[in-house]
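Participant: Input structure: start16.tsv, which contains TSV, C-alpha atoms.
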```tsv
chain	number	residue	atom	x	y	z
A	38	MET	CA	-63.27	-47.87	39.60
A	39	ASN	CA	-60.84	-47.07	42.44
A	40	GLY	CA	-57.33	-45.67	42.09
A	41	ALA	CA	-55.63	-49.06	42.45
A	42	THR	CA	-57.75	-50.57	39.70
A	43	VAL	CA	-57.02	-47.66	37.36
A	44	LYS	CA	-53.31	-48.00	38.03
A	45	GLU	CA	-53.40	-51.75	37.36
A	46	ALA	CA	-55.28	-51.17	34.11
A	47	ALA	CA	-52.70	-48.58	33.02
A	48	VAL	CA	-49.83	-50.96	33.80
A	49	LYS	CA	-51.49	-53.77	31.82
A	50	GLN	CA	-52.10	-51.47	28.87
A	51	ALA	CA	-48.48	-50.29	28.90
A	52	SER	CA	-47.24	-53.87	29.11
A	53	ALA	CA	-49.43	-54.89	26.18
A	54	SER	CA	-48.16	-52.05	24.00
A	55	LEU	CA	-44.48	-52.51	24.93
A	56	PRO	CA	-43.78	-55.46	22.55
A	57	TRP	CA	-45.21	-53.51	19.62
A	58	ARG	CA	-43.13	-50.48	20.52
A	59	ARG	CA	-40.07	-52.69	20.47
A	60	THR	CA	-41.15	-54.15	17.14
A	61	LEU	CA	-41.62	-50.70	15.61
A	62	HIS	CA	-38.28	-49.55	16.97
A	63	SER	CA	-36.51	-52.62	15.60
A	64	ALA	CA	-38.26	-52.32	12.22
A	65	LEU	CA	-37.08	-48.72	11.92
A	66	LEU	CA	-33.54	-49.82	12.75
A	67	GLU	CA	-33.78	-52.51	10.04
A	68	LEU	CA	-34.93	-49.80	7.63
A	69	ALA	CA	-31.92	-47.64	8.49
A	70	LEU	CA	-29.45	-50.54	8.34
A	71	THR	CA	-30.81	-51.74	4.98
A	72	ALA	CA	-30.65	-48.19	3.59
A	73	LEU	CA	-27.04	-47.96	4.72
A	74	MET	CA	-26.19	-51.33	3.19
A	75	LEU	CA	-27.77	-50.40	-0.16
A	76	PHE	CA	-25.96	-47.08	-0.21
A	77	VAL	CA	-22.61	-48.79	0.44
A	78	VAL	CA	-23.30	-51.46	-2.19
A	79	ALA	CA	-24.50	-48.87	-4.73
A	80	THR	CA	-21.42	-46.74	-4.06
A	81	THR	CA	-19.23	-49.81	-4.59
A	82	VAL	CA	-20.96	-50.44	-7.93
A	83	ARG	CA	-20.56	-46.78	-8.86
A	84	TRP	CA	-16.80	-46.74	-8.30
A	85	LEU	CA	-15.86	-50.28	-9.29
A	86	LEU	CA	-18.25	-51.88	-11.76
A	87	GLY	CA	-19.34	-48.50	-13.10
A	88	THR	CA	-15.80	-47.49	-14.08
A	89	ILE	CA	-14.77	-50.58	-16.07
A	90	ASP	CA	-12.94	-49.52	-19.24
A	91	PRO	CA	-12.32	-52.55	-21.50
A	92	ALA	CA	-10.32	-50.36	-23.87
A	93	ASN	CA	-7.53	-50.17	-21.29
A	94	GLY	CA	-7.26	-53.97	-21.18
A	95	GLY	CA	-6.09	-56.03	-18.23
A	96	TRP	CA	-7.94	-58.28	-15.81
A	97	TRP	CA	-8.88	-55.30	-13.63
A	98	ASN	CA	-11.06	-53.91	-16.43
A	99	THR	CA	-13.29	-56.99	-16.58
A	100	PRO	CA	-16.42	-57.67	-14.51
A	101	GLU	CA	-14.82	-60.82	-13.13
A	102	GLY	CA	-11.77	-58.87	-11.99
A	103	ARG	CA	-13.78	-56.11	-10.33
A	104	LEU	CA	-15.94	-58.67	-8.52
A	105	LEU	CA	-12.87	-59.72	-6.56
A	106	ALA	CA	-13.11	-56.32	-4.88
A	107	VAL	CA	-16.89	-55.94	-4.92
A	108	ALA	CA	-17.54	-59.31	-3.27
A	109	PRO	CA	-15.68	-58.82	0.02
A	110	LEU	CA	-16.85	-55.22	0.32
A	111	SER	CA	-20.47	-56.34	-0.07
A	112	GLY	CA	-20.17	-59.48	2.05
A	113	TYR	CA	-18.35	-57.91	4.96
A	114	THR	CA	-20.64	-54.88	4.90
A	115	VAL	CA	-23.29	-57.36	6.01
A	116	THR	CA	-20.92	-58.66	8.70
A	117	THR	CA	-20.31	-55.10	9.91
A	118	VAL	CA	-24.03	-54.44	10.09
A	119	MET	CA	-24.63	-57.64	12.09
A	120	LEU	CA	-21.86	-56.73	14.56
A	121	SER	CA	-22.94	-53.09	14.96
A	122	PRO	CA	-24.89	-52.01	18.06
A	123	TRP	CA	-28.03	-51.56	15.96
A	124	GLY	CA	-27.49	-54.92	14.30
A	125	ARG	CA	-27.16	-56.61	17.68
A	126	LEU	CA	-30.50	-55.13	18.72
A	127	THR	CA	-32.42	-56.33	15.66
A	128	GLY	CA	-30.31	-59.29	14.58
A	129	GLY	CA	-28.99	-57.30	11.63
A	130	HIS	CA	-31.12	-59.20	9.12
A	131	ILE	CA	-31.26	-56.56	6.32
A	132	ASN	CA	-32.72	-59.36	4.21
A	133	PRO	CA	-36.36	-60.54	4.15
A	134	ALA	CA	-35.23	-64.13	3.60
A	135	ILE	CA	-33.09	-64.01	6.76
A	136	THR	CA	-36.00	-62.55	8.72
A	137	LEU	CA	-38.22	-65.45	7.65
A	138	ALA	CA	-35.46	-67.91	8.54
A	139	MET	CA	-34.87	-66.44	12.01
A	140	TRP	CA	-38.61	-66.59	12.64
A	141	ARG	CA	-38.70	-70.26	11.71
A	142	TYR	CA	-35.64	-70.86	13.91
A	143	GLY	CA	-37.49	-69.26	16.81
A	144	ARG	CA	-35.11	-66.32	17.04
A	145	THR	CA	-37.51	-63.63	15.83
A	146	PRO	CA	-41.12	-63.22	17.09
A	147	GLY	CA	-43.82	-63.67	14.47
A	148	ARG	CA	-45.12	-60.14	15.12
A	149	ASP	CA	-41.76	-58.75	13.91
A	150	VAL	CA	-41.73	-60.45	10.51
A	151	ALA	CA	-44.00	-58.15	8.48
A	152	PRO	CA	-42.65	-54.88	9.99
A	153	TYR	CA	-39.05	-56.04	9.48
A	154	ILE	CA	-39.64	-56.94	5.84
A	155	ALA	CA	-41.51	-53.68	5.19
A	156	GLY	CA	-38.64	-51.75	6.76
A	157	GLN	CA	-36.05	-53.62	4.69
A	158	LEU	CA	-37.84	-52.94	1.40
A	159	ILE	CA	-38.39	-49.27	2.22
A	160	GLY	CA	-34.76	-49.03	3.33
A	161	SER	CA	-33.72	-50.46	-0.03
A	162	LEU	CA	-35.54	-47.64	-1.80
A	163	LEU	CA	-34.05	-45.00	0.49
A	164	GLY	CA	-30.51	-46.35	0.06
A	165	ILE	CA	-30.73	-46.13	-3.72
A	166	ALA	CA	-32.36	-42.70	-3.51
A	167	ALA	CA	-29.41	-41.56	-1.39
A	168	GLY	CA	-27.01	-42.97	-3.97
A	169	ARG	CA	-28.73	-41.01	-6.72
A	170	LEU	CA	-28.65	-37.85	-4.61
A	171	VAL	CA	-24.97	-38.18	-3.67
A	172	TRP	CA	-23.53	-39.39	-6.99
A	173	GLY	CA	-25.76	-37.43	-9.33
A	174	PRO	CA	-26.68	-38.28	-12.94
A	175	VAL	CA	-23.85	-40.78	-13.35
A	176	PHE	CA	-25.73	-43.05	-10.95
A	177	ALA	CA	-28.48	-43.40	-13.58
A	178	SER	CA	-26.08	-43.87	-16.49
A	179	PRO	CA	-25.96	-47.21	-18.34
A	180	ALA	CA	-22.64	-48.04	-16.67
A	181	VAL	CA	-24.15	-47.90	-13.16
A	182	ASP	CA	-27.91	-48.10	-13.80
A	183	PHE	CA	-28.88	-47.68	-10.13
A	184	ALA	CA	-26.86	-50.84	-9.25
A	185	VAL	CA	-29.51	-53.06	-10.86
A	186	ILE	CA	-28.70	-56.77	-10.97
A	187	ARG	CA	-29.27	-58.49	-14.29
A	188	PRO	CA	-28.49	-62.12	-15.17
A	189	ALA	CA	-26.06	-62.89	-17.96
A	190	PRO	CA	-27.44	-63.37	-21.50
A	191	GLY	CA	-28.85	-66.83	-21.90
A	192	TRP	CA	-29.78	-67.19	-18.25
A	193	SER	CA	-33.50	-67.87	-17.89
A	194	CYS	CA	-35.62	-66.93	-14.90
A	195	SER	CA	-35.77	-70.59	-13.88
A	196	SER	CA	-31.96	-70.87	-13.90
A	197	VAL	CA	-31.64	-67.72	-11.78
A	198	ALA	CA	-34.30	-69.06	-9.40
A	199	VAL	CA	-32.39	-72.32	-8.89
A	200	ILE	CA	-29.12	-70.52	-8.06
A	201	GLU	CA	-30.78	-67.94	-5.79
A	202	THR	CA	-32.71	-70.66	-3.94
A	203	ALA	CA	-29.67	-72.89	-3.55
A	204	THR	CA	-27.32	-70.14	-2.31
A	205	MET	CA	-29.87	-68.89	0.21
A	206	PHE	CA	-30.46	-72.46	1.37
A	207	ALA	CA	-26.74	-72.85	2.07
A	208	ILE	CA	-26.43	-69.51	3.87
A	209	VAL	CA	-29.45	-70.14	6.10
A	210	ALA	CA	-28.43	-73.72	6.84
A	211	VAL	CA	-24.99	-72.59	8.00
A	212	ALA	CA	-26.52	-69.72	10.00
A	213	GLY	CA	-28.99	-72.12	11.63
A	214	ILE	CA	-26.22	-74.46	12.73
A	215	ALA	CA	-24.10	-71.57	13.99
A	216	VAL	CA	-26.77	-69.74	16.01
A	217	SER	CA	-27.70	-73.00	17.73
A	218	SER	CA	-24.14	-73.49	18.97
A	219	ARG	CA	-22.54	-71.51	21.80
A	220	ARG	CA	-19.13	-72.25	20.36
A	221	LEU	CA	-19.96	-71.26	16.77
A	222	GLY	CA	-22.48	-68.49	17.47
A	223	PRO	CA	-19.95	-65.61	17.70
A	224	PHE	CA	-18.63	-66.52	14.25
A	225	THR	CA	-22.04	-66.36	12.55
A	226	PRO	CA	-21.64	-62.80	11.16
A	227	TRP	CA	-18.27	-63.69	9.67
A	228	ALA	CA	-19.56	-66.94	8.20
A	229	VAL	CA	-22.52	-65.15	6.60
A	230	GLY	CA	-20.32	-62.38	5.17
A	231	THR	CA	-17.86	-64.91	3.76
A	232	MET	CA	-20.62	-66.95	2.13
A	233	ILE	CA	-22.14	-63.84	0.58
A	234	ALA	CA	-18.76	-62.79	-0.81
A	235	THR	CA	-18.16	-66.29	-2.15
A	236	GLN	CA	-21.49	-66.51	-3.95
A	237	ILE	CA	-20.97	-63.05	-5.49
A	238	ILE	CA	-17.63	-64.18	-6.92
A	239	ALA	CA	-19.12	-67.47	-8.12
A	240	PHE	CA	-22.38	-66.21	-9.63
A	241	GLY	CA	-22.13	-62.41	-9.81
A	242	THR	CA	-21.58	-62.33	-13.59
A	243	LEU	CA	-24.04	-65.17	-14.20
A	244	SER	CA	-27.21	-65.13	-12.10
A	245	GLY	CA	-26.41	-61.93	-10.22
A	246	GLY	CA	-25.46	-63.68	-6.99
A	247	ILE	CA	-27.38	-61.57	-4.46
A	248	ALA	CA	-29.62	-63.94	-2.43
A	249	ASN	CA	-31.34	-60.91	-0.91
A	250	PRO	CA	-34.67	-59.48	-2.11
A	251	ALA	CA	-33.88	-56.12	-0.51
A	252	ARG	CA	-30.65	-55.87	-2.53
A	253	GLU	CA	-32.59	-55.84	-5.80
A	254	PHE	CA	-35.86	-54.18	-4.81
A	255	GLY	CA	-34.70	-50.55	-4.68
A	256	PRO	CA	-32.43	-50.75	-7.74
A	257	ALA	CA	-35.10	-52.48	-9.84
A	258	VAL	CA	-37.74	-49.91	-8.90
A	259	PHE	CA	-35.50	-46.93	-9.66
A	260	GLY	CA	-33.90	-48.55	-12.69
A	261	GLY	CA	-37.19	-49.67	-14.26
A	262	ALA	CA	-36.11	-53.31	-14.44
A	263	PRO	CA	-39.04	-55.35	-13.11
A	264	SER	CA	-38.76	-58.35	-15.44
A	265	VAL	CA	-36.59	-60.55	-13.21
A	266	LEU	CA	-37.52	-58.85	-9.92
A	267	PRO	CA	-40.13	-61.49	-8.94
A	268	VAL	CA	-37.43	-64.17	-9.09
A	269	TYR	CA	-35.08	-62.17	-6.86
A	270	LEU	CA	-37.96	-61.47	-4.46
A	271	LEU	CA	-39.29	-65.03	-4.16
A	272	ALA	CA	-36.40	-67.45	-4.70
A	273	PRO	CA	-34.25	-66.47	-1.65
A	274	PRO	CA	-37.17	-66.76	0.83
A	275	LEU	CA	-38.02	-70.16	-0.67
A	276	GLY	CA	-34.44	-71.34	-0.15
A	277	ALA	CA	-34.39	-69.91	3.37
A	278	LEU	CA	-37.62	-71.62	4.42
A	279	ALA	CA	-36.49	-74.93	2.91
A	280	ALA	CA	-33.25	-74.73	4.92
A	281	THR	CA	-35.12	-74.09	8.17
A	282	VAL	CA	-37.29	-77.15	7.58
A	283	VAL	CA	-34.21	-79.34	7.16
A	284	ILE	CA	-32.23	-77.89	10.08
A	285	ASN	CA	-35.23	-77.87	12.45
A	286	ARG	CA	-35.94	-81.52	11.65
A	287	VAL	CA	-32.31	-82.48	12.25
A	288	TYR	CA	-32.28	-80.82	15.66
A	289	ALA	CA	-35.71	-82.20	16.56
A	290	ARG	CA	-34.48	-85.70	15.75
A	291	ARG	CA	-31.36	-85.18	17.85
A	292	ARG	CA	-33.43	-84.00	20.82
A	293	THR	CA	-35.75	-86.99	20.49
A	294	THR	CA	-32.77	-89.36	20.37
A	295	ALA	CA	-31.16	-87.71	23.40
A	296	GLN	CA	-34.39	-87.97	25.42
A	297	THR	CA	-35.03	-91.61	24.55
A	298	PRO	CA	-33.74	-93.88	27.36
A	299	ALA	CA	-31.28	-96.56	26.39
A	300	ALA	CA	-32.74	-99.99	25.89
```
As structure tokens, what does this structure read like?

Facilitator:
Amino acid sequence: MNGATVKEAAVKQASASLPWRRTLHSALLELALTALMLFVVATTVRWLLGTIDPANGGWWNTPEGRLLAVAPLSGYTVTTVMLSPWGRLTGGHINPAITLAMWRYGRTPGRDVAPYIAGQLIGSLLGIAAGRLVWGPVFASPAVDFAVIRPAPGWSCSSVAVIETATMFAIVAVAGIAVSSRRLGPFTPWAVGTMIATQIIAFGTLSGGIANPAREFGPAVFGGAPSVLPVYLLAPPLGALAATVVINRVYARRRTTAQTPAA
């Protein structure tokens, strides 16, 4: 094998490994971004929901009242992540359901899906571990309980699954329409953050209102609350995939109509 052949082989090998290096780099960024999101959310729970004192009375000392502050902080944390330099590199998914949706929309390569989701779930664990380290024993107290999400009494797993599926369907449908439009695309992070905040206000004290498997994974593992975890892990991806089927069919039909010559 001559020098030119060796050089060509080295170039081909480097080119073949480059996509996987990018995937690993992006997955690690998703891990870091998800850890940051969970730490911010857990800190919000620690200082808002974890300090409710019904004995003092007033709307501010009710879960519904505190959610008016928790919801925008949580929703627009996601917006901030999506708009950050790291978020622009990876798409700022920080949600396995969003990763699946962006793959089905053709925005994320298939090779990135599993590493992204693994990074998001590991990041969820690290974010909650950081919360426990920073805030100490109070983070494990019943008032905070590692920021675990639990449905309201009387809410069955099937009811939670319906709400989680429906809210994720709506978020992904809106995101799919926005990312396909040059005019609406720049507003996608704000639309997603607003929808997340809205569904937290609407369902936070009922079903939990998270629509993000990574949001519950770390808290449930640390808090020892696995009973409803499968619902929170599976329902949002189901809603996301269902939305991509609908939106992709709508756009496919539009393209077919546009390409069909007039009679």

Participant: With distances taken over only C-alpha atoms, which of A:Gly112, A:Gly276, A:Pro91, A:Pro256 is nearest to A:Pro226?

Facilitator: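 Looking at the shortest contact to A:Pro226, the residue is A:Gly112.
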
Participant: Counting only C-alpha atoms, what is within 8 Å of A:Leu278, bar same-chain residues fewer than 6 positions away, as a ChimeraX atom specification?

Facilitator: /A:134,137-138,141,206

Participant: Please list as number ranges by chain every residue within 7 Å of A:Ala272, counting only C-alpha atoms and excluding residues in the same chain fewer than 4 positions away.

Facilitator: A: 198, 201-202, 268, 276

Participant: Using the selection just defined, write its residues with C-alpha atoms as a short mmCIF file (atom, residue, chain, number, x, y, z; two decimals), in the frame of the given file.

Facilitator:
```cif
data_model
loop_
_atom_site.label_atom_id
_atom_site.label_comp_id
_atom_site.auth_asym_id
_atom_site.auth_seq_id
_atom_site.Cartn_x
_atom_site.Cartn_y
_atom_site.Cartn_z
CA ALA A 198 -34.30 -69.06 -9.40
CA GLU A 201 -30.78 -67.94 -5.79
CA THR A 202 -32.71 -70.66 -3.94
CA VAL A 268 -37.43 -64.17 -9.09
CA GLY A 276 -34.44 -71.34 -0.15
#
```

Participant: Rank A:Trp172, A:Tyr288, A:Trp140, A:Tyr113 by their smallest atom-to-atom distance to A:Pro274, using all atoms listed in the file, and report the top residue only.

Facilitator: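 The shortest atom-to-atom distance to A:Pro274 comes from A:Trp140.
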
Participant: Skipping near chain neighbours, those fewer than 5 positions away, what residues fall within 12 Å of A:Gly191 using all atoms listed in the file, listed as number ranges by chain?

Facilitator: A: 196-197, 242-244

Participant: Rank nothing, just name the residue among A:Leu70, A:Val78, A:Ala180, A:Ala92 nearest to A:Ile159, using only C-alpha atoms.

Facilitator: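 For A:Ile159, the nearest of the candidates is A:Leu70.
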
Participant: May I ask which of the residues A:Met119, A:Ala184, A:Ala234, A:Leu75 is the closest one to A:Ser161, counting only C-alpha atoms?

Facilitator: A:Leu75

Participant: Calculated over all atoms listed in the file, which of the candidates A:Leu110, A:Leu163, A:Ile135, A:Ile208 has the smallest distance to A:Val258?

Facilitator: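 Result for the nearest residue to A:Val258: A:Leu163.
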
Participant: If I take atom CA of A:Gly261 and atom CA of A:Gly129, how far is one from the other in Å, to one decimal?

Facilitator: 28.2 Å

Participant: Neighbours of stretch 262-264 of chain A within 10 Å (all atoms listed in the file; same-chain residues fewer than 5 positions away dropped), as a PDB file with C-alpha atoms, in the coordinates of the input?

Facilitator:
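Generated output (result_25.pdb):
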```pdb
ATOM      1  CA  ASP A 182     -27.910 -48.100 -13.800  1.00  0.00           C
ATOM      2  CA  VAL A 185     -29.510 -53.060 -10.860  1.00  0.00           C
ATOM      3  CA  ILE A 186     -28.700 -56.770 -10.970  1.00  0.00           C
ATOM      4  CA  ARG A 187     -29.270 -58.490 -14.290  1.00  0.00           C
ATOM      5  CA  CYS A 194     -35.620 -66.930 -14.900  1.00  0.00           C
ATOM      6  CA  GLU A 253     -32.590 -55.840  -5.800  1.00  0.00           C
ATOM      7  CA  PHE A 254     -35.860 -54.180  -4.810  1.00  0.00           C
ATOM      8  CA  PRO A 256     -32.430 -50.750  -7.740  1.00  0.00           C
ATOM      9  CA  ALA A 257     -35.100 -52.480  -9.840  1.00  0.00           C
TER      10      ALA A 257
END
```

Participant: Would you mind telling me which residue in A:Thr60, A:Thr225, A:Thr294, A:Thr127 lies nearest to A:Pro152 when using all atoms listed in the file?

Facilitator: A:Thr60

Participant: Please identify all polymer residues within 10 Å of A:Pro100, counting all atoms listed in the file, omitting same-chain residues fewer than 2 positions from it, and present them as a PyMOL selection string.

Facilitator: chain A and resi 85-87+89+91+96-98+102-105+107+241-242

Participant: In Å, rounded to a single decimal, give me how far atom CA of A:Trp192 is from atom CA of A:Thr71.

Facilitator: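 These two atoms are separated by 27.9 Å.
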
Participant: Please indicate the distance in Å from atom CA of A:Asp149 to atom CA of A:Gln236, rounded to one decimal place.

Facilitator: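 Atom-to-atom, atom CA of A:Asp149 to atom CA of A:Gln236, that is 28.1 Å.
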
Participant: Please enclose the listed atoms of stretch 128-145 of chain A in an axis-aligned box, pad each side by 8 Å, and write out the centre and the three edge lengths in Å, rounded to one decimal, as lines of an AutoDock Vina configuration file.

Facilitator:
```
center_x = -33.8
center_y = -63.7
center_z = 10.3
size_x = 25.7
size_y = 30.3
size_z = 29.4
```

Participant: Provide stretch 132-166 of chain A of the preceding structure as a file containing C-alpha atoms, as a PDB file, in the first residue's frame.

Facilitator:
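Final output, decode.pdb:
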```
ATOM      1  CA  ASN A 132     -36.878  15.664  26.683  1.00  0.00           C
ATOM      2  CA  PRO A 133     -36.870  12.139  25.197  1.00  0.00           C
ATOM      3  CA  ALA A 134     -40.306  12.723  23.673  1.00  0.00           C
ATOM      4  CA  ILE A 135     -39.030  15.812  21.826  1.00  0.00           C
ATOM      5  CA  THR A 136     -36.008  13.870  20.573  1.00  0.00           C
ATOM      6  CA  LEU A 137     -38.292  11.202  19.121  1.00  0.00           C
ATOM      7  CA  ALA A 138     -40.481  13.893  17.558  1.00  0.00           C
ATOM      8  CA  MET A 139     -37.554  15.741  15.952  1.00  0.00           C
ATOM      9  CA  TRP A 140     -36.319  12.437  14.553  1.00  0.00           C
ATOM     10  CA  ARG A 141     -39.697  11.741  12.988  1.00  0.00           C
ATOM     11  CA  TYR A 142     -39.780  15.307  11.635  1.00  0.00           C
ATOM     12  CA  GLY A 143     -36.411  14.689   9.993  1.00  0.00           C
ATOM     13  CA  ARG A 144     -34.613  17.235  12.153  1.00  0.00           C
ATOM     14  CA  THR A 145     -32.518  14.784  14.181  1.00  0.00           C
ATOM     15  CA  PRO A 146     -30.521  11.871  12.667  1.00  0.00           C
ATOM     16  CA  GLY A 147     -31.601   8.411  13.778  1.00  0.00           C
ATOM     17  CA  ARG A 148     -28.116   7.694  15.147  1.00  0.00           C
ATOM     18  CA  ASP A 149     -28.594  10.545  17.671  1.00  0.00           C
ATOM     19  CA  VAL A 150     -31.829   9.278  19.220  1.00  0.00           C
ATOM     20  CA  ALA A 151     -30.536   6.651  21.659  1.00  0.00           C
ATOM     21  CA  PRO A 152     -27.484   8.692  22.812  1.00  0.00           C
ATOM     22  CA  TYR A 153     -29.644  11.790  23.295  1.00  0.00           C
ATOM     23  CA  ILE A 154     -32.216   9.926  25.381  1.00  0.00           C
ATOM     24  CA  ALA A 155     -29.511   8.220  27.448  1.00  0.00           C
ATOM     25  CA  GLY A 156     -27.890  11.599  28.070  1.00  0.00           C
ATOM     26  CA  GLN A 157     -31.200  13.166  29.083  1.00  0.00           C
ATOM     27  CA  LEU A 158     -32.011  10.429  31.602  1.00  0.00           C
ATOM     28  CA  ILE A 159     -28.514  10.490  33.093  1.00  0.00           C
ATOM     29  CA  GLY A 160     -28.692  14.281  33.207  1.00  0.00           C
ATOM     30  CA  SER A 161     -31.962  13.999  35.116  1.00  0.00           C
ATOM     31  CA  LEU A 162     -30.236  11.918  37.777  1.00  0.00           C
ATOM     32  CA  LEU A 163     -27.281  14.307  37.984  1.00  0.00           C
ATOM     33  CA  GLY A 164     -29.529  17.368  38.279  1.00  0.00           C
ATOM     34  CA  ILE A 165     -31.400  15.891  41.229  1.00  0.00           C
ATOM     35  CA  ALA A 166     -28.141  14.707  42.811  1.00  0.00           C
TER      36      ALA A 166
END
```
